[in-house]
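So the structure is just underneath, and the comments pick up after that.
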Amino acid sequence: MKRPFQVKHKKLLRYATNTGIAFLIFWTFFFIHRTGLQDFEGDDVFRLIYNSLMVNVILEGTRRIAKRLSKLYDWREYGLRRFIYEWIAVQSYILLVMVLFQVIPRLILGQVGSYNFTDAETIRDVKEVFVFGSIILLFVHFIRSGIYFYNQWHRYLVQSEKLKKETIKVQFESLKQQVNPHFLFNSLNALTSLIYKDQDMAAKFVEQLSKVYRYVLENKDKELVPLHTELDFIYSYLFLLKIRFRENLRVDITIPDHLLNHQVAPLTMQLLMENAIKHNIVSRDEPLFITVFIEDDYIIIKNNLQLRESREESTGVGLKNIINRYKYITDKKVDVEVTADNFIAKLPLLSNVA
C-alpha cells in the first residue's frame, strides 16, 4: 500500500515533468520567432507560465484517458481497438484544451481590446500551437503510454511465469500422489492378495496400474487433454481403488457422449477423488459416494461428507493449484462448494479446439 507521502511525491514529480515539457514547447516556439535570449520580454514570462498550465492540463487529462481506457479495453484483447479509441480521444481532448486556452482568449482579446485576431501573424501562431503543439504532446503521450504498456506487459509476463510454476508444482504433486509410498504399498498389498486368490484379476490389476503410471508420465506436462482420455485414466485409477475398497467406495460417472471430445486439465479429476478418499471415512457402514456429471459446461465432482476424526495431513496445495491451473488456461473459474452433507467441485469443461 502506498503511503500518502509517496503518492504526493509521485504527483509532484509528474507535474514537474509536465512543466518541463511545457518549457520545451515554449522555447521551441520562442527560438522560431526570436533571435536569442536577449529578446526575452516580460510578456514571455506570462506566456511561459500560461503554457505550462495548459500543458499540465493536457498531459494530466491524457493520462486519465489512458487509465480509463485501460480498465475498459485490455491491450491483450483489444489492441487495435484500444489504440484507435485512445488516439481519437487524446486528439479530441488536446484540441479542446487548446481551444479553451488559445483560441477563446484570443477571440475575447480581439473583441474587447486592441488584440487583432485576424492578423496574419496571430493566425500563424495559432496554427503553430495546434500543429506543433499537438505533435509534441501526442508524441509525449504515446511515449508515456508505451512505458505504461511495457510495465503492464512485464507484470503479465511475471504473473504468467508464476502460474506456470504453480502448474508445474501441481503436476509434480499429482505425480507424487501416485508414486508415494502409501499408494504403492496399498497397491502391492492388493496385488499380493490377488495373486493367491485370482491370478487373472492380478494380471488385470497390473495392467491397470501400468496404465495409471503411463498416463501420469505422458500427460503431466500438458495443459489440456480430451475428456475421453482423462476418463480412461480415471477408470483405470478407480479399478485399483475398487480392488482395495470394494463396495465401500461407490462412484457414478455420467458423461454424455457428445461432450467426450471437450477439454479438461489433466489429473485434476483424480486429485479431487484422491482428496475425497483421503479426508473421508470409507467403510461398509459409511460408504463414500462420488458422483461425476455435467452441468452448464462444468464437470461436477461431488462426494458426501463424512470427515475422519484423524485425517491425513494435507499439503494445502492441491485444490489451490487446481484453481490456479484453470486460471492460467481460461477465464472460467473453478467453483468449490461445501455444504453440511456434501463437497462439490465444479471444473470448467472447455470446448474442443480444432
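Identifiers for the C-alpha cells are assigned positionally: chains receive A, B, ... in sequence, residues are indexed from 1 per chain, and ligands are indexed from 1 in the order shown.
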Open item on the list: Residues near Ile323 of chain A, anyone? I mean within 12 Å using only C-alpha atoms, not counting same-chain ones fewer than 2 positions away, as a PyMOL selection string.
Closed with: chain A and resi 163+166-167+170+265+268+271-272+317-321+325-336+345-348
Using N, CA, C and O atoms, can you export the residues from the last selection as a short mmCIF file (atom, residue, chain, number, x, y, z; two decimals), in the first residue's frame?
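To be explicit, this is the file written out as out15.cif:
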```
data_model
loop_
_atom_site.label_atom_id
_atom_site.label_comp_id
_atom_site.auth_asym_id
_atom_site.auth_seq_id
_atom_site.Cartn_x
_atom_site.Cartn_y
_atom_site.Cartn_z
N LEU A 163 2.23 -18.48 -12.68
CA LEU A 163 1.20 -19.50 -12.85
C LEU A 163 1.77 -20.77 -13.49
O LEU A 163 1.34 -21.88 -13.18
N GLU A 166 3.33 -22.68 -10.81
CA GLU A 166 2.31 -23.34 -9.99
C GLU A 166 1.73 -24.54 -10.72
O GLU A 166 1.39 -25.56 -10.09
N THR A 167 1.61 -24.42 -12.06
CA THR A 167 1.12 -25.56 -12.84
C THR A 167 2.09 -26.73 -12.74
O THR A 167 1.69 -27.88 -12.54
N VAL A 170 1.75 -28.35 -9.29
CA VAL A 170 0.60 -29.24 -9.08
C VAL A 170 0.77 -30.52 -9.89
O VAL A 170 0.34 -31.59 -9.48
N ALA A 265 -8.25 -30.08 -17.79
CA ALA A 265 -6.87 -30.10 -17.31
C ALA A 265 -6.55 -31.50 -16.78
O ALA A 265 -7.32 -32.03 -15.97
N THR A 268 -6.69 -33.38 -12.76
CA THR A 268 -7.47 -32.61 -11.78
C THR A 268 -8.63 -33.42 -11.20
O THR A 268 -8.91 -33.33 -10.00
N LEU A 271 -7.20 -35.79 -8.69
CA LEU A 271 -6.82 -35.12 -7.44
C LEU A 271 -8.02 -34.93 -6.53
O LEU A 271 -7.92 -35.11 -5.30
N LEU A 272 -9.14 -34.56 -7.10
CA LEU A 272 -10.34 -34.34 -6.30
C LEU A 272 -10.85 -35.65 -5.69
O LEU A 272 -11.29 -35.69 -4.55
N VAL A 317 -1.94 -27.59 -1.07
CA VAL A 317 -1.71 -27.01 -2.40
C VAL A 317 -2.59 -27.62 -3.48
O VAL A 317 -2.73 -27.06 -4.56
N GLY A 318 -3.20 -28.77 -3.20
CA GLY A 318 -3.97 -29.48 -4.23
C GLY A 318 -5.08 -28.66 -4.85
O GLY A 318 -5.06 -28.35 -6.04
N LEU A 319 -6.04 -28.27 -4.02
CA LEU A 319 -7.20 -27.53 -4.52
C LEU A 319 -6.80 -26.15 -5.02
O LEU A 319 -7.28 -25.68 -6.07
N LYS A 320 -5.91 -25.49 -4.30
CA LYS A 320 -5.44 -24.15 -4.71
C LYS A 320 -4.78 -24.20 -6.07
O LYS A 320 -5.01 -23.34 -6.93
N ASN A 321 -3.98 -25.21 -6.32
CA ASN A 321 -3.28 -25.31 -7.59
C ASN A 321 -4.21 -25.71 -8.73
O ASN A 321 -3.98 -25.32 -9.88
N ARG A 325 -4.41 -23.49 -11.98
CA ARG A 325 -4.19 -24.08 -13.31
C ARG A 325 -5.27 -23.63 -14.28
O ARG A 325 -4.99 -23.24 -15.42
N TYR A 326 -6.51 -23.67 -13.83
CA TYR A 326 -7.60 -23.24 -14.71
C TYR A 326 -7.57 -21.73 -14.91
O TYR A 326 -7.96 -21.23 -15.97
N LYS A 327 -7.10 -20.99 -13.92
CA LYS A 327 -6.95 -19.54 -14.08
C LYS A 327 -5.95 -19.23 -15.18
O LYS A 327 -6.10 -18.26 -15.93
N TYR A 328 -4.92 -20.06 -15.28
CA TYR A 328 -3.90 -19.88 -16.31
C TYR A 328 -4.44 -20.25 -17.70
O TYR A 328 -4.07 -19.66 -18.70
N ILE A 329 -5.35 -21.23 -17.76
CA ILE A 329 -5.84 -21.75 -19.04
C ILE A 329 -7.03 -20.97 -19.57
O ILE A 329 -7.15 -20.71 -20.77
N THR A 330 -7.96 -20.57 -18.68
CA THR A 330 -9.23 -19.99 -19.12
C THR A 330 -9.72 -18.94 -18.13
O THR A 330 -9.25 -18.88 -16.98
N ASP A 331 -10.67 -18.11 -18.59
CA ASP A 331 -11.30 -17.13 -17.72
C ASP A 331 -12.37 -17.76 -16.83
O ASP A 331 -12.81 -17.16 -15.86
N LYS A 332 -12.81 -18.96 -17.20
CA LYS A 332 -13.80 -19.65 -16.38
C LYS A 332 -13.16 -20.10 -15.07
O LYS A 332 -12.04 -20.61 -15.05
N LYS A 333 -13.88 -19.93 -13.98
CA LYS A 333 -13.32 -20.20 -12.67
C LYS A 333 -13.75 -21.57 -12.14
O LYS A 333 -14.86 -22.04 -12.42
N VAL A 334 -12.88 -22.18 -11.38
CA VAL A 334 -13.22 -23.38 -10.63
C VAL A 334 -14.07 -22.97 -9.43
O VAL A 334 -13.73 -22.03 -8.72
N ASP A 335 -15.16 -23.66 -9.24
CA ASP A 335 -16.07 -23.32 -8.14
C ASP A 335 -16.09 -24.46 -7.14
O ASP A 335 -16.20 -25.63 -7.51
N VAL A 336 -15.97 -24.14 -5.87
CA VAL A 336 -15.98 -25.14 -4.80
C VAL A 336 -17.06 -24.76 -3.80
O VAL A 336 -17.13 -23.61 -3.36
N ALA A 345 -17.18 -29.86 -6.24
CA ALA A 345 -16.19 -29.12 -7.03
C ALA A 345 -16.68 -29.06 -8.47
O ALA A 345 -17.16 -30.05 -9.02
N LYS A 346 -16.56 -27.87 -9.07
CA LYS A 346 -17.01 -27.66 -10.45
C LYS A 346 -15.81 -27.22 -11.30
O LYS A 346 -15.25 -26.15 -11.10
N LEU A 347 -15.45 -28.08 -12.25
CA LEU A 347 -14.32 -27.80 -13.14
C LEU A 347 -14.85 -27.36 -14.51
O LEU A 347 -15.73 -28.02 -15.06
N PRO A 348 -14.32 -26.28 -15.07
CA PRO A 348 -14.78 -25.84 -16.39
C PRO A 348 -14.52 -26.90 -17.47
O PRO A 348 -13.43 -27.47 -17.53
#
```
- [ ] Would you work out the distance separating atom CA of Arg284 of chain A from atom CA of Val212 of chain A, expressed in Å to one decimal?
- [x]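 According to the coordinates, atom CA of Arg284 of chain A and atom CA of Val212 of chain A are separated by 26.3 Å.
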TODO: Find the residues around Tyr85 of chain A up to 12 Å (only C-alpha atoms counted), leave out those fewer than 4 positions away in its own chain, and share them as JSON, numbers by chain.
DONE: {"A": [65, 66, 68, 69, 70, 72, 73, 75, 78, 79, 80, 81, 89, 90, 91, 92]}
TODO: Could you jot down the atom CA of Met273 of chain A to atom CA of Leu184 of chain A separation for me, Å, one decimal place?
DONE: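 The value is 17.0 Å.
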- [ ] Kindly give the distance, in Å, that separates atom CA of Lys162 of chain A and atom CA of Asp296 of chain A, rounded to a single decimal.
- [x]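 Distance reported for this atom pair: 29.9 Å.
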Task: Nearest to Leu238 of chain A by atom-to-atom distance, counting only C-alpha atoms, from A:Met98, A:Ile143, A:Ile290, A:Leu53 - done: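 Nearest candidate to Leu238 of chain A out of A:Met98, A:Ile143, A:Ile290, A:Leu53: A:Ile290.
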Task: Spatial neighbours of Val282 of chain A, 9 Å, only C-alpha atoms, chain gap at least 2 places, as a PyMOL selection string - done: chain A and resi 245+248-249+277+280+284-288+306
TODO: Considering only C-alpha atoms, return as a VMD selection string whatever protein or nucleic-acid residues lie within 12 Å of Phe205 of chain A, sequence-local ones (same chain, fewer than 6 positions apart) excluded.
DONE: chain A and resid 187 to 195 198 to 199 211 to 212 236 to 244
Let's have the selection written as a PDB file, in the first residue's frame, with N, CA, C and O atoms.
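Output file again34.pdb is given in full below:
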```pdb
ATOM      1  N   SER A 187      -1.245 -50.631  -3.205  1.00  0.00           N
ATOM      2  CA  SER A 187      -1.424 -51.318  -4.486  1.00  0.00           C
ATOM      3  C   SER A 187      -0.727 -52.678  -4.468  1.00  0.00           C
ATOM      4  O   SER A 187      -1.283 -53.689  -4.942  1.00  0.00           O
ATOM      5  N   LEU A 188       0.489 -52.742  -3.912  1.00  0.00           N
ATOM      6  CA  LEU A 188       1.217 -54.001  -3.866  1.00  0.00           C
ATOM      7  C   LEU A 188       0.565 -54.993  -2.919  1.00  0.00           C
ATOM      8  O   LEU A 188       0.564 -56.218  -3.170  1.00  0.00           O
ATOM      9  N   ASN A 189       0.013 -54.499  -1.816  1.00  0.00           N
ATOM     10  CA  ASN A 189      -0.726 -55.378  -0.902  1.00  0.00           C
ATOM     11  C   ASN A 189      -1.920 -56.007  -1.588  1.00  0.00           C
ATOM     12  O   ASN A 189      -2.185 -57.209  -1.454  1.00  0.00           O
ATOM     13  N   ALA A 190      -2.669 -55.149  -2.330  1.00  0.00           N
ATOM     14  CA  ALA A 190      -3.829 -55.661  -3.055  1.00  0.00           C
ATOM     15  C   ALA A 190      -3.390 -56.675  -4.107  1.00  0.00           C
ATOM     16  O   ALA A 190      -4.040 -57.717  -4.307  1.00  0.00           O
ATOM     17  N   LEU A 191      -2.286 -56.390  -4.785  1.00  0.00           N
ATOM     18  CA  LEU A 191      -1.788 -57.295  -5.822  1.00  0.00           C
ATOM     19  C   LEU A 191      -1.341 -58.629  -5.214  1.00  0.00           C
ATOM     20  O   LEU A 191      -1.613 -59.706  -5.779  1.00  0.00           O
ATOM     21  N   THR A 192      -0.669 -58.573  -4.076  1.00  0.00           N
ATOM     22  CA  THR A 192      -0.219 -59.805  -3.412  1.00  0.00           C
ATOM     23  C   THR A 192      -1.401 -60.691  -3.056  1.00  0.00           C
ATOM     24  O   THR A 192      -1.376 -61.915  -3.260  1.00  0.00           O
ATOM     25  N   SER A 193      -2.442 -60.082  -2.551  1.00  0.00           N
ATOM     26  CA  SER A 193      -3.643 -60.844  -2.204  1.00  0.00           C
ATOM     27  C   SER A 193      -4.290 -61.456  -3.433  1.00  0.00           C
ATOM     28  O   SER A 193      -4.740 -62.608  -3.409  1.00  0.00           O
ATOM     29  N   LEU A 194      -4.303 -60.702  -4.542  1.00  0.00           N
ATOM     30  CA  LEU A 194      -4.935 -61.203  -5.769  1.00  0.00           C
ATOM     31  C   LEU A 194      -4.151 -62.351  -6.394  1.00  0.00           C
ATOM     32  O   LEU A 194      -4.748 -63.256  -7.005  1.00  0.00           O
ATOM     33  N   ILE A 195      -2.828 -62.308  -6.264  1.00  0.00           N
ATOM     34  CA  ILE A 195      -2.003 -63.356  -6.886  1.00  0.00           C
ATOM     35  C   ILE A 195      -2.390 -64.738  -6.373  1.00  0.00           C
ATOM     36  O   ILE A 195      -2.446 -65.720  -7.129  1.00  0.00           O
ATOM     37  N   ASP A 198      -6.805 -64.862  -7.246  1.00  0.00           N
ATOM     38  CA  ASP A 198      -7.325 -64.753  -8.622  1.00  0.00           C
ATOM     39  C   ASP A 198      -6.209 -64.213  -9.514  1.00  0.00           C
ATOM     40  O   ASP A 198      -5.989 -63.004  -9.603  1.00  0.00           O
ATOM     41  N   GLN A 199      -5.502 -65.113 -10.176  1.00  0.00           N
ATOM     42  CA  GLN A 199      -4.361 -64.701 -10.985  1.00  0.00           C
ATOM     43  C   GLN A 199      -4.781 -63.856 -12.193  1.00  0.00           C
ATOM     44  O   GLN A 199      -4.063 -62.949 -12.616  1.00  0.00           O
ATOM     45  N   LYS A 211      -1.227 -48.568 -16.709  1.00  0.00           N
ATOM     46  CA  LYS A 211      -1.933 -47.508 -17.441  1.00  0.00           C
ATOM     47  C   LYS A 211      -1.958 -46.204 -16.639  1.00  0.00           C
ATOM     48  O   LYS A 211      -1.804 -45.119 -17.204  1.00  0.00           O
ATOM     49  N   VAL A 212      -2.158 -46.336 -15.328  1.00  0.00           N
ATOM     50  CA  VAL A 212      -2.184 -45.149 -14.470  1.00  0.00           C
ATOM     51  C   VAL A 212      -0.838 -44.432 -14.515  1.00  0.00           C
ATOM     52  O   VAL A 212      -0.765 -43.212 -14.737  1.00  0.00           O
ATOM     53  N   SER A 236      -9.183 -46.500 -14.986  1.00  0.00           N
ATOM     54  CA  SER A 236      -8.068 -47.348 -14.543  1.00  0.00           C
ATOM     55  C   SER A 236      -7.735 -47.079 -13.074  1.00  0.00           C
ATOM     56  O   SER A 236      -7.489 -48.012 -12.286  1.00  0.00           O
ATOM     57  N   TYR A 237      -7.748 -45.791 -12.711  1.00  0.00           N
ATOM     58  CA  TYR A 237      -7.466 -45.402 -11.325  1.00  0.00           C
ATOM     59  C   TYR A 237      -8.526 -45.961 -10.380  1.00  0.00           C
ATOM     60  O   TYR A 237      -8.204 -46.485  -9.301  1.00  0.00           O
ATOM     61  N   LEU A 238      -9.793 -45.869 -10.793  1.00  0.00           N
ATOM     62  CA  LEU A 238     -10.881 -46.365  -9.951  1.00  0.00           C
ATOM     63  C   LEU A 238     -10.855 -47.892  -9.835  1.00  0.00           C
ATOM     64  O   LEU A 238     -11.257 -48.455  -8.807  1.00  0.00           O
ATOM     65  N   PHE A 239     -10.379 -48.556 -10.879  1.00  0.00           N
ATOM     66  CA  PHE A 239     -10.262 -50.017 -10.821  1.00  0.00           C
ATOM     67  C   PHE A 239      -9.350 -50.417  -9.661  1.00  0.00           C
ATOM     68  O   PHE A 239      -9.652 -51.348  -8.899  1.00  0.00           O
ATOM     69  N   LEU A 240      -8.227 -49.719  -9.538  1.00  0.00           N
ATOM     70  CA  LEU A 240      -7.302 -50.014  -8.444  1.00  0.00           C
ATOM     71  C   LEU A 240      -7.939 -49.727  -7.093  1.00  0.00           C
ATOM     72  O   LEU A 240      -7.756 -50.483  -6.127  1.00  0.00           O
ATOM     73  N   LEU A 241      -8.673 -48.619  -7.005  1.00  0.00           N
ATOM     74  CA  LEU A 241      -9.313 -48.263  -5.737  1.00  0.00           C
ATOM     75  C   LEU A 241     -10.418 -49.245  -5.362  1.00  0.00           C
ATOM     76  O   LEU A 241     -10.605 -49.552  -4.183  1.00  0.00           O
ATOM     77  N   LYS A 242     -11.140 -49.716  -6.374  1.00  0.00           N
ATOM     78  CA  LYS A 242     -12.243 -50.650  -6.096  1.00  0.00           C
ATOM     79  C   LYS A 242     -11.718 -51.983  -5.575  1.00  0.00           C
ATOM     80  O   LYS A 242     -12.382 -52.651  -4.775  1.00  0.00           O
ATOM     81  N   ILE A 243     -10.541 -52.402  -6.043  1.00  0.00           N
ATOM     82  CA  ILE A 243      -9.944 -53.623  -5.510  1.00  0.00           C
ATOM     83  C   ILE A 243      -9.668 -53.467  -4.023  1.00  0.00           C
ATOM     84  O   ILE A 243      -9.855 -54.397  -3.227  1.00  0.00           O
ATOM     85  N   ARG A 244      -9.274 -52.278  -3.648  1.00  0.00           N
ATOM     86  CA  ARG A 244      -8.933 -52.007  -2.253  1.00  0.00           C
ATOM     87  C   ARG A 244     -10.175 -51.778  -1.398  1.00  0.00           C
ATOM     88  O   ARG A 244     -10.287 -52.350  -0.295  1.00  0.00           O
TER      89      ARG A 244
END
```
Task: Which of A:Asn186, A:Gln159, A:Asn303, A:Ser210 sits closest to Asn324 of chain A [using only C-alpha atoms] - done: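 Nearest to Asn324 of chain A: A:Gln159.
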